[in-house]
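Q: Following this line is work38.cif, made up of mmCIF, N, CA and C atoms:
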data_my_file
#
loop_
_atom_site.label_atom_id
_atom_site.label_comp_id
_atom_site.auth_asym_id
_atom_site.auth_seq_id
_atom_site.Cartn_x
_atom_site.Cartn_y
_atom_site.Cartn_z
N MET A 1 87.69 141.08 93.92
CA MET A 1 88.46 140.77 95.11
C MET A 1 89.90 141.23 94.89
N HIS A 2 90.47 141.79 95.89
CA HIS A 2 91.84 142.27 95.80
C HIS A 2 92.81 141.14 96.09
N TRP A 3 93.79 140.97 95.22
CA TRP A 3 94.76 139.89 95.39
C TRP A 3 95.61 140.09 96.64
N GLN A 4 95.74 141.36 97.10
CA GLN A 4 96.53 141.62 98.30
C GLN A 4 95.87 140.98 99.53
N LYS A 5 94.53 141.04 99.58
CA LYS A 5 93.81 140.42 100.70
C LYS A 5 93.98 138.91 100.67
N VAL A 6 93.89 138.33 99.48
CA VAL A 6 94.07 136.88 99.35
C VAL A 6 95.49 136.49 99.76
N LEU A 7 96.47 137.27 99.33
CA LEU A 7 97.86 136.99 99.69
C LEU A 7 98.07 137.07 101.20
N LEU A 8 97.49 138.08 101.83
CA LEU A 8 97.60 138.22 103.29
C LEU A 8 96.98 137.04 104.01
N VAL A 9 95.79 136.65 103.59
CA VAL A 9 95.10 135.51 104.23
C VAL A 9 95.89 134.22 104.00
N ALA A 10 96.43 134.05 102.79
CA ALA A 10 97.22 132.85 102.49
C ALA A 10 98.48 132.79 103.36
N CYS A 11 99.14 133.92 103.53
CA CYS A 11 100.35 133.95 104.38
C CYS A 11 100.01 133.68 105.84
N LEU A 12 98.93 134.28 106.32
CA LEU A 12 98.52 134.01 107.70
C LEU A 12 98.11 132.56 107.88
N SER A 13 97.45 132.00 106.89
CA SER A 13 97.08 130.59 106.94
C SER A 13 98.32 129.71 107.03
N LEU A 14 99.33 130.03 106.25
CA LEU A 14 100.60 129.28 106.27
C LEU A 14 101.23 129.32 107.67
N ILE A 15 101.26 130.50 108.26
CA ILE A 15 101.87 130.66 109.59
C ILE A 15 101.10 129.87 110.65
N VAL A 16 99.78 130.00 110.65
CA VAL A 16 98.95 129.30 111.64
C VAL A 16 99.05 127.78 111.43
N ALA A 17 99.03 127.36 110.16
CA ALA A 17 99.15 125.92 109.87
C ALA A 17 100.47 125.37 110.39
N ASP A 18 101.55 126.12 110.21
CA ASP A 18 102.85 125.66 110.69
C ASP A 18 102.88 125.57 112.21
N ASP A 19 102.26 126.53 112.89
CA ASP A 19 102.21 126.46 114.36
C ASP A 19 101.43 125.24 114.84
N PHE A 20 100.30 124.95 114.19
CA PHE A 20 99.54 123.76 114.54
C PHE A 20 100.37 122.50 114.29
N ARG A 21 101.07 122.47 113.16
CA ARG A 21 101.88 121.31 112.80
C ARG A 21 102.98 121.07 113.82
N ILE A 22 103.63 122.11 114.26
CA ILE A 22 104.69 121.96 115.26
C ILE A 22 104.11 121.37 116.55
N SER A 23 102.96 121.87 116.97
CA SER A 23 102.33 121.36 118.19
C SER A 23 101.95 119.89 118.03
N LEU A 24 101.37 119.53 116.89
CA LEU A 24 101.00 118.14 116.66
C LEU A 24 102.23 117.24 116.52
N GLY A 25 103.30 117.76 115.96
CA GLY A 25 104.54 116.99 115.86
C GLY A 25 105.07 116.61 117.24
N ASP A 26 104.98 117.53 118.19
CA ASP A 26 105.40 117.24 119.56
C ASP A 26 104.47 116.25 120.24
N VAL A 27 103.18 116.35 119.94
CA VAL A 27 102.21 115.43 120.55
C VAL A 27 102.37 114.03 119.98
N CYS A 28 102.56 113.91 118.66
CA CYS A 28 102.62 112.59 118.01
C CYS A 28 103.99 111.93 118.14
N GLY A 29 105.05 112.67 117.95
CA GLY A 29 106.39 112.14 118.13
C GLY A 29 106.74 110.95 117.25
N ARG A 30 106.64 111.09 115.95
CA ARG A 30 106.92 109.97 115.05
C ARG A 30 108.34 110.07 114.48
N TYR A 31 109.02 108.93 114.44
CA TYR A 31 110.35 108.88 113.83
C TYR A 31 110.26 109.09 112.33
N TRP A 32 111.36 109.57 111.74
CA TRP A 32 111.45 109.81 110.30
C TRP A 32 111.70 108.50 109.55
N PRO A 33 111.41 108.47 108.25
CA PRO A 33 111.71 107.26 107.48
C PRO A 33 113.20 107.04 107.29
N GLN A 34 113.98 108.11 107.21
CA GLN A 34 115.42 108.00 106.92
C GLN A 34 116.20 108.87 107.89
N THR A 35 117.44 108.49 108.17
CA THR A 35 118.33 109.28 109.01
C THR A 35 118.93 110.40 108.18
N TRP A 36 118.71 111.66 108.61
CA TRP A 36 119.21 112.80 107.85
C TRP A 36 120.20 113.63 108.64
N THR A 37 119.95 113.85 109.90
CA THR A 37 120.84 114.71 110.69
C THR A 37 121.12 114.09 112.05
N HIS A 38 122.28 114.35 112.56
CA HIS A 38 122.66 113.98 113.93
C HIS A 38 122.43 112.51 114.24
N ASP A 39 122.52 111.65 113.24
CA ASP A 39 122.29 110.21 113.43
C ASP A 39 120.97 109.92 114.15
N ASN A 40 119.93 110.65 113.75
CA ASN A 40 118.63 110.45 114.38
C ASN A 40 118.08 109.06 114.10
N LEU A 41 117.23 108.59 114.99
CA LEU A 41 116.57 107.31 114.82
C LEU A 41 115.61 107.38 113.64
N SER A 42 115.56 106.32 112.84
CA SER A 42 114.67 106.29 111.68
C SER A 42 114.42 104.85 111.28
N LEU A 43 113.42 104.66 110.43
CA LEU A 43 113.07 103.31 109.97
C LEU A 43 114.18 102.73 109.09
N ILE A 44 114.61 103.45 108.09
CA ILE A 44 115.62 102.94 107.16
C ILE A 44 117.01 102.94 107.78
N GLY A 45 117.35 104.00 108.48
CA GLY A 45 118.69 104.13 109.04
C GLY A 45 118.99 103.22 110.22
N THR A 46 118.05 103.12 111.15
CA THR A 46 118.31 102.37 112.38
C THR A 46 117.25 101.33 112.71
N GLY A 47 116.21 101.25 111.89
CA GLY A 47 115.15 100.27 112.15
C GLY A 47 114.12 100.72 113.17
N ALA A 48 114.21 101.97 113.62
CA ALA A 48 113.27 102.48 114.61
C ALA A 48 112.01 102.97 113.92
N TYR A 49 110.86 102.62 114.47
CA TYR A 49 109.60 103.02 113.89
C TYR A 49 108.59 103.22 114.99
N GLY A 50 107.71 104.18 114.79
CA GLY A 50 106.60 104.32 115.72
C GLY A 50 106.38 105.73 116.18
N PHE A 51 105.33 105.86 116.95
CA PHE A 51 104.95 107.12 117.55
C PHE A 51 105.42 107.11 119.00
N HIS A 52 105.96 108.22 119.44
CA HIS A 52 106.41 108.37 120.82
C HIS A 52 105.87 109.70 121.33
N PRO A 53 104.61 109.67 121.79
CA PRO A 53 103.93 110.91 122.16
C PRO A 53 104.65 111.73 123.21
N PHE A 54 104.55 113.02 123.05
CA PHE A 54 105.04 114.01 123.99
C PHE A 54 106.55 113.98 124.20
N GLN A 55 107.27 113.55 123.18
CA GLN A 55 108.73 113.67 123.20
C GLN A 55 109.10 114.77 122.23
N ARG A 56 110.09 115.56 122.59
CA ARG A 56 110.52 116.65 121.73
C ARG A 56 111.92 116.35 121.22
N GLY A 57 112.21 116.91 120.06
CA GLY A 57 113.55 116.76 119.51
C GLY A 57 113.50 116.62 118.00
N ASP A 58 114.69 116.67 117.40
CA ASP A 58 114.79 116.57 115.95
C ASP A 58 114.47 115.18 115.43
N ASP A 59 114.57 114.17 116.27
CA ASP A 59 114.37 112.80 115.78
C ASP A 59 112.91 112.37 115.78
N VAL A 60 112.01 113.12 116.40
CA VAL A 60 110.60 112.76 116.43
C VAL A 60 109.76 113.96 116.00
N GLY A 61 109.58 114.12 114.71
CA GLY A 61 108.79 115.24 114.22
C GLY A 61 108.26 115.01 112.83
N SER A 62 108.20 113.77 112.42
CA SER A 62 107.82 113.45 111.06
C SER A 62 106.32 113.63 110.80
N PHE A 63 105.50 113.39 111.81
CA PHE A 63 104.04 113.39 111.63
C PHE A 63 103.42 114.57 112.35
N PRO A 64 102.64 115.39 111.69
CA PRO A 64 102.37 115.49 110.26
C PRO A 64 103.45 116.28 109.54
N SER A 65 103.49 116.17 108.22
CA SER A 65 104.50 116.84 107.41
C SER A 65 104.30 118.35 107.42
N GLY A 66 105.34 119.06 107.80
CA GLY A 66 105.29 120.52 107.80
C GLY A 66 105.27 121.09 106.39
N HIS A 67 106.03 120.47 105.49
CA HIS A 67 106.04 120.95 104.11
C HIS A 67 104.65 120.86 103.48
N ALA A 68 103.99 119.71 103.66
CA ALA A 68 102.65 119.53 103.11
C ALA A 68 101.66 120.49 103.76
N CYS A 69 101.77 120.67 105.04
CA CYS A 69 100.87 121.55 105.77
C CYS A 69 101.01 122.99 105.29
N ARG A 70 102.25 123.45 105.15
CA ARG A 70 102.47 124.83 104.74
C ARG A 70 102.04 125.09 103.30
N ILE A 71 102.42 124.22 102.38
CA ILE A 71 102.10 124.49 100.98
C ILE A 71 100.60 124.41 100.71
N LEU A 72 99.92 123.46 101.33
CA LEU A 72 98.47 123.38 101.14
C LEU A 72 97.73 124.44 101.95
N GLY A 73 98.30 124.85 103.06
CA GLY A 73 97.71 125.96 103.81
C GLY A 73 97.74 127.25 103.01
N PHE A 74 98.76 127.42 102.19
CA PHE A 74 98.89 128.61 101.34
C PHE A 74 98.06 128.48 100.07
N ALA A 75 98.23 127.37 99.35
CA ALA A 75 97.60 127.20 98.04
C ALA A 75 96.08 127.07 98.13
N THR A 76 95.58 126.43 99.17
CA THR A 76 94.14 126.22 99.29
C THR A 76 93.38 127.54 99.42
N VAL A 77 93.98 128.52 100.07
CA VAL A 77 93.33 129.83 100.18
C VAL A 77 93.10 130.41 98.78
N TRP A 78 94.08 130.30 97.90
CA TRP A 78 93.94 130.83 96.55
C TRP A 78 92.86 130.09 95.77
N VAL A 79 92.84 128.78 95.91
CA VAL A 79 91.84 127.98 95.19
C VAL A 79 90.43 128.31 95.69
N ILE A 80 90.28 128.55 96.97
CA ILE A 80 88.97 128.91 97.54
C ILE A 80 88.58 130.32 97.13
N ALA A 81 89.53 131.24 97.15
CA ALA A 81 89.24 132.64 96.87
C ALA A 81 88.91 132.89 95.40
N ILE A 82 89.53 132.11 94.52
CA ILE A 82 89.31 132.29 93.08
C ILE A 82 88.95 130.93 92.49
N PRO A 83 87.74 130.44 92.79
CA PRO A 83 87.39 129.05 92.44
C PRO A 83 87.20 128.78 90.95
N HIS A 84 86.88 129.79 90.17
CA HIS A 84 86.59 129.56 88.76
C HIS A 84 87.79 129.83 87.85
N SER A 85 88.94 130.08 88.45
CA SER A 85 90.14 130.35 87.65
C SER A 85 90.91 129.06 87.43
N ARG A 86 90.91 128.61 86.19
CA ARG A 86 91.65 127.40 85.84
C ARG A 86 93.15 127.60 86.06
N ALA A 87 93.64 128.82 85.85
CA ALA A 87 95.07 129.12 86.03
C ALA A 87 95.49 128.92 87.49
N VAL A 88 94.65 129.36 88.42
CA VAL A 88 94.97 129.19 89.85
C VAL A 88 94.95 127.71 90.22
N GLN A 89 93.98 126.98 89.73
CA GLN A 89 93.88 125.55 90.04
C GLN A 89 95.09 124.78 89.48
N VAL A 90 95.44 125.05 88.23
CA VAL A 90 96.58 124.37 87.61
C VAL A 90 97.88 124.74 88.32
N THR A 91 98.04 126.01 88.65
CA THR A 91 99.25 126.45 89.36
C THR A 91 99.36 125.75 90.71
N ALA A 92 98.25 125.65 91.43
CA ALA A 92 98.27 124.97 92.73
C ALA A 92 98.68 123.50 92.58
N ILE A 93 98.15 122.84 91.57
CA ILE A 93 98.50 121.43 91.35
C ILE A 93 99.95 121.28 90.93
N VAL A 94 100.39 122.15 90.01
CA VAL A 94 101.77 122.07 89.50
C VAL A 94 102.79 122.35 90.61
N LEU A 95 102.45 123.22 91.54
CA LEU A 95 103.37 123.53 92.64
C LEU A 95 103.31 122.50 93.77
N CYS A 96 102.12 122.03 94.08
CA CYS A 96 101.94 121.15 95.24
C CYS A 96 102.26 119.69 94.96
N ALA A 97 101.74 119.14 93.89
CA ALA A 97 101.84 117.70 93.65
C ALA A 97 103.28 117.18 93.59
N PRO A 98 104.19 117.81 92.83
CA PRO A 98 105.57 117.28 92.80
C PRO A 98 106.26 117.34 94.16
N MET A 99 105.98 118.39 94.92
CA MET A 99 106.62 118.47 96.23
C MET A 99 106.09 117.39 97.17
N LEU A 100 104.78 117.16 97.15
CA LEU A 100 104.19 116.15 98.03
C LEU A 100 104.68 114.75 97.67
N VAL A 101 104.75 114.45 96.39
CA VAL A 101 105.26 113.15 95.95
C VAL A 101 106.75 113.03 96.28
N GLY A 102 107.48 114.11 96.09
CA GLY A 102 108.92 114.09 96.37
C GLY A 102 109.25 113.85 97.84
N LEU A 103 108.42 114.35 98.74
CA LEU A 103 108.65 114.12 100.17
C LEU A 103 108.65 112.63 100.50
N VAL A 104 107.76 111.89 99.86
CA VAL A 104 107.68 110.45 100.09
C VAL A 104 108.77 109.73 99.30
N ALA A 105 108.97 110.12 98.05
CA ALA A 105 109.94 109.44 97.18
C ALA A 105 111.37 109.56 97.70
N MET A 106 111.69 110.66 98.35
CA MET A 106 113.05 110.87 98.87
C MET A 106 113.19 110.44 100.33
N ASN A 107 112.17 109.77 100.86
CA ASN A 107 112.16 109.25 102.23
C ASN A 107 112.28 110.33 103.31
N TYR A 108 111.74 111.50 103.00
CA TYR A 108 111.65 112.53 104.05
C TYR A 108 110.45 112.26 104.95
N HIS A 109 109.38 111.69 104.37
CA HIS A 109 108.15 111.44 105.11
C HIS A 109 107.49 110.14 104.67
N PHE A 110 106.69 109.58 105.57
CA PHE A 110 105.80 108.49 105.22
C PHE A 110 104.59 109.08 104.50
N VAL A 111 103.87 108.27 103.75
CA VAL A 111 102.67 108.74 103.04
C VAL A 111 101.67 109.34 104.02
N SER A 112 101.47 108.70 105.15
CA SER A 112 100.50 109.20 106.13
C SER A 112 100.92 110.56 106.70
N ASP A 113 102.21 110.83 106.80
CA ASP A 113 102.69 112.14 107.26
C ASP A 113 102.24 113.23 106.29
N VAL A 114 102.40 112.95 104.99
CA VAL A 114 102.05 113.92 103.95
C VAL A 114 100.55 114.12 103.89
N ILE A 115 99.79 113.04 103.99
CA ILE A 115 98.33 113.16 103.98
C ILE A 115 97.85 113.98 105.18
N ALA A 116 98.35 113.66 106.35
CA ALA A 116 97.93 114.38 107.57
C ALA A 116 98.32 115.86 107.49
N GLY A 117 99.52 116.14 107.02
CA GLY A 117 99.95 117.53 106.88
C GLY A 117 99.10 118.28 105.87
N GLY A 118 98.79 117.64 104.76
CA GLY A 118 97.95 118.26 103.73
C GLY A 118 96.55 118.54 104.23
N VAL A 119 95.97 117.58 104.93
CA VAL A 119 94.62 117.76 105.47
C VAL A 119 94.62 118.89 106.50
N LEU A 120 95.60 118.92 107.37
CA LEU A 120 95.70 119.98 108.37
C LEU A 120 95.82 121.35 107.70
N GLY A 121 96.70 121.47 106.71
CA GLY A 121 96.85 122.73 105.99
C GLY A 121 95.58 123.14 105.27
N GLY A 122 94.90 122.18 104.65
CA GLY A 122 93.65 122.48 103.95
C GLY A 122 92.55 122.94 104.88
N ILE A 123 92.45 122.30 106.04
CA ILE A 123 91.42 122.69 107.01
C ILE A 123 91.68 124.11 107.52
N ILE A 124 92.91 124.41 107.85
CA ILE A 124 93.23 125.74 108.35
C ILE A 124 93.02 126.80 107.27
N ALA A 125 93.38 126.48 106.03
CA ALA A 125 93.17 127.42 104.92
C ALA A 125 91.69 127.67 104.69
N THR A 126 90.89 126.63 104.76
CA THR A 126 89.44 126.78 104.57
C THR A 126 88.85 127.66 105.67
N TYR A 127 89.29 127.44 106.88
CA TYR A 127 88.81 128.23 108.00
C TYR A 127 89.26 129.69 107.85
N ALA A 128 90.51 129.91 107.44
CA ALA A 128 91.03 131.26 107.24
C ALA A 128 90.25 131.99 106.15
N ALA A 129 89.97 131.30 105.05
CA ALA A 129 89.20 131.90 103.96
C ALA A 129 87.79 132.25 104.42
N HIS A 130 87.21 131.38 105.23
CA HIS A 130 85.86 131.64 105.76
C HIS A 130 85.88 132.86 106.68
N LEU A 131 86.86 132.93 107.58
CA LEU A 131 86.93 134.06 108.50
C LEU A 131 87.17 135.38 107.77
N ALA A 132 87.95 135.33 106.69
CA ALA A 132 88.25 136.54 105.93
C ALA A 132 87.15 136.89 104.94
N ARG A 133 86.12 136.05 104.87
CA ARG A 133 85.00 136.23 103.95
C ARG A 133 85.46 136.34 102.50
N LEU A 134 86.37 135.45 102.14
CA LEU A 134 86.83 135.39 100.76
C LEU A 134 85.72 134.77 99.93
N GLN A 135 85.71 135.04 98.66
CA GLN A 135 84.68 134.55 97.74
C GLN A 135 84.67 133.03 97.71
N ILE A 136 83.60 132.42 98.15
CA ILE A 136 83.46 130.97 98.09
C ILE A 136 82.18 130.68 97.32
N SER A 137 82.30 130.61 96.01
CA SER A 137 81.12 130.34 95.18
C SER A 137 81.50 129.65 93.90
#
Could you rewrite the structure in this file as structure tokens?

A:
Amino acid sequence: MHWQKVLLVACLSLIVADDFRISLGDVCGRYWPQTWTHDNLSLIGTGAYGFHPFQRGDDVGSFPSGHACRILGFATVWVIAIPHSRAVQVTAIVLCAPMLVGLVAMNYHFVSDVIAGGVLGGIIATYAAHLARLQIS
């Protein structure tokens, strides 16, 4: 298998995953855990919590996590395409796990935001790998 094809599919998966995440963020409309910009409403900063469907703006976009969606949308393609490579699996874990934990630890996202973003990215990556007929064995 050519690594260029895997790279192309992984990049396309990342882009599609991010587009889905943006759409779901607008549909779900969840406040962030902490106030980061423009004095946005948040659980820690202002005590605001909850989902506010179909509202747009910087203050309602926490669910699902875009960072989790993008990184797992990219990394999962590699893990699927080269399933027997311990180096690829370890690299994916070493790159993904600290970032996912850090998103929650630094109050950028709730745990459920990260889980939902990761699942969304993984599903899109799996579908992209299937469509591209990458090695799945």

Q: What is the distance, in Å and to one decimal place, between atom N of Trp78 of chain A and atom N of Ala10 of chain A?

A: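 Between atom N of Trp78 of chain A and atom N of Ala10 of chain A the gap works out to 6.6 Å.
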
Q: Can you tell me, as number ranges by chain, what residues are no more than 8 Å from Ser112 of chain A when counting only C-alpha atoms, ignoring any on the same chain fewer than 3 positions away?

A: A: 63-64, 115-116

Q: Could you tell me how far atom CA of Phe54 of chain A sits from atom CA of Gly122 of chain A, in Å to one decimal place?

A: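 These two atoms are separated by 24.6 Å.
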
Q: If you run DSSP on the backbone, which residues of chain A are alpha helix (DSSP H), as a PyMOL selection string?

A: chain A and resi 3-28+43-46+66-81+86-105+111-131

Q: What would the selection look like, as a list of chain:residue names, if the PyMOL selection byres (((chain A and resi 81 and name CA) around 8) and name CA) were run on the coordinates I just shared?

A: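 Listing what the PyMOL selection byres (((chain A and resi 81 and name CA) around 8) and name CA) selects in the shown file: A:Val6, A:Val77, A:Trp78, A:Val79, A:Ile80, A:Ile82, A:Pro83, A:Ala129, A:Leu134, A:Gln135, A:Ile136.
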
Q: Given the file above and the PyMOL selection byres (((chain A and resi 28 and name CA) around 8) and name CA), which residues are selected, and can you give them as a PyMOL selection string?

A: chain A and resi 24-27+29-30+51-54+61+63

Q: Which residues come within 8 Å of Met99 of chain A, counting all atoms listed in the file, excluding same-chain residues fewer than 5 positions away, as a VMD selection string?

A: chain A and resid 67 to 68 93 to 94 104 to 105

Q: Enumerate, as number ranges by chain, the residues matched when the PyMOL selection byres (((chain A and resi 14 and name CA) around 12) and name CA) is run on the file above.

A: A: 7-13, 15-21, 66-78, 117-118, 120-129

Q: Rounded to one decimal, what separation in Å do you get between atom N of Asn107 of chain A and atom C of Gly50 of chain A?

A: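 One can read the atom N of Asn107 of chain A to atom C of Gly50 of chain A distance as 16.9 Å.
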
Q: Of the candidates A:Gly102, A:His109, A:His130, A:Val88, which one gets nearest to Trp32 of chain A if we count only N, CA and C atoms?

A: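 Selected residue with least distance to Trp32 of chain A: A:His109.
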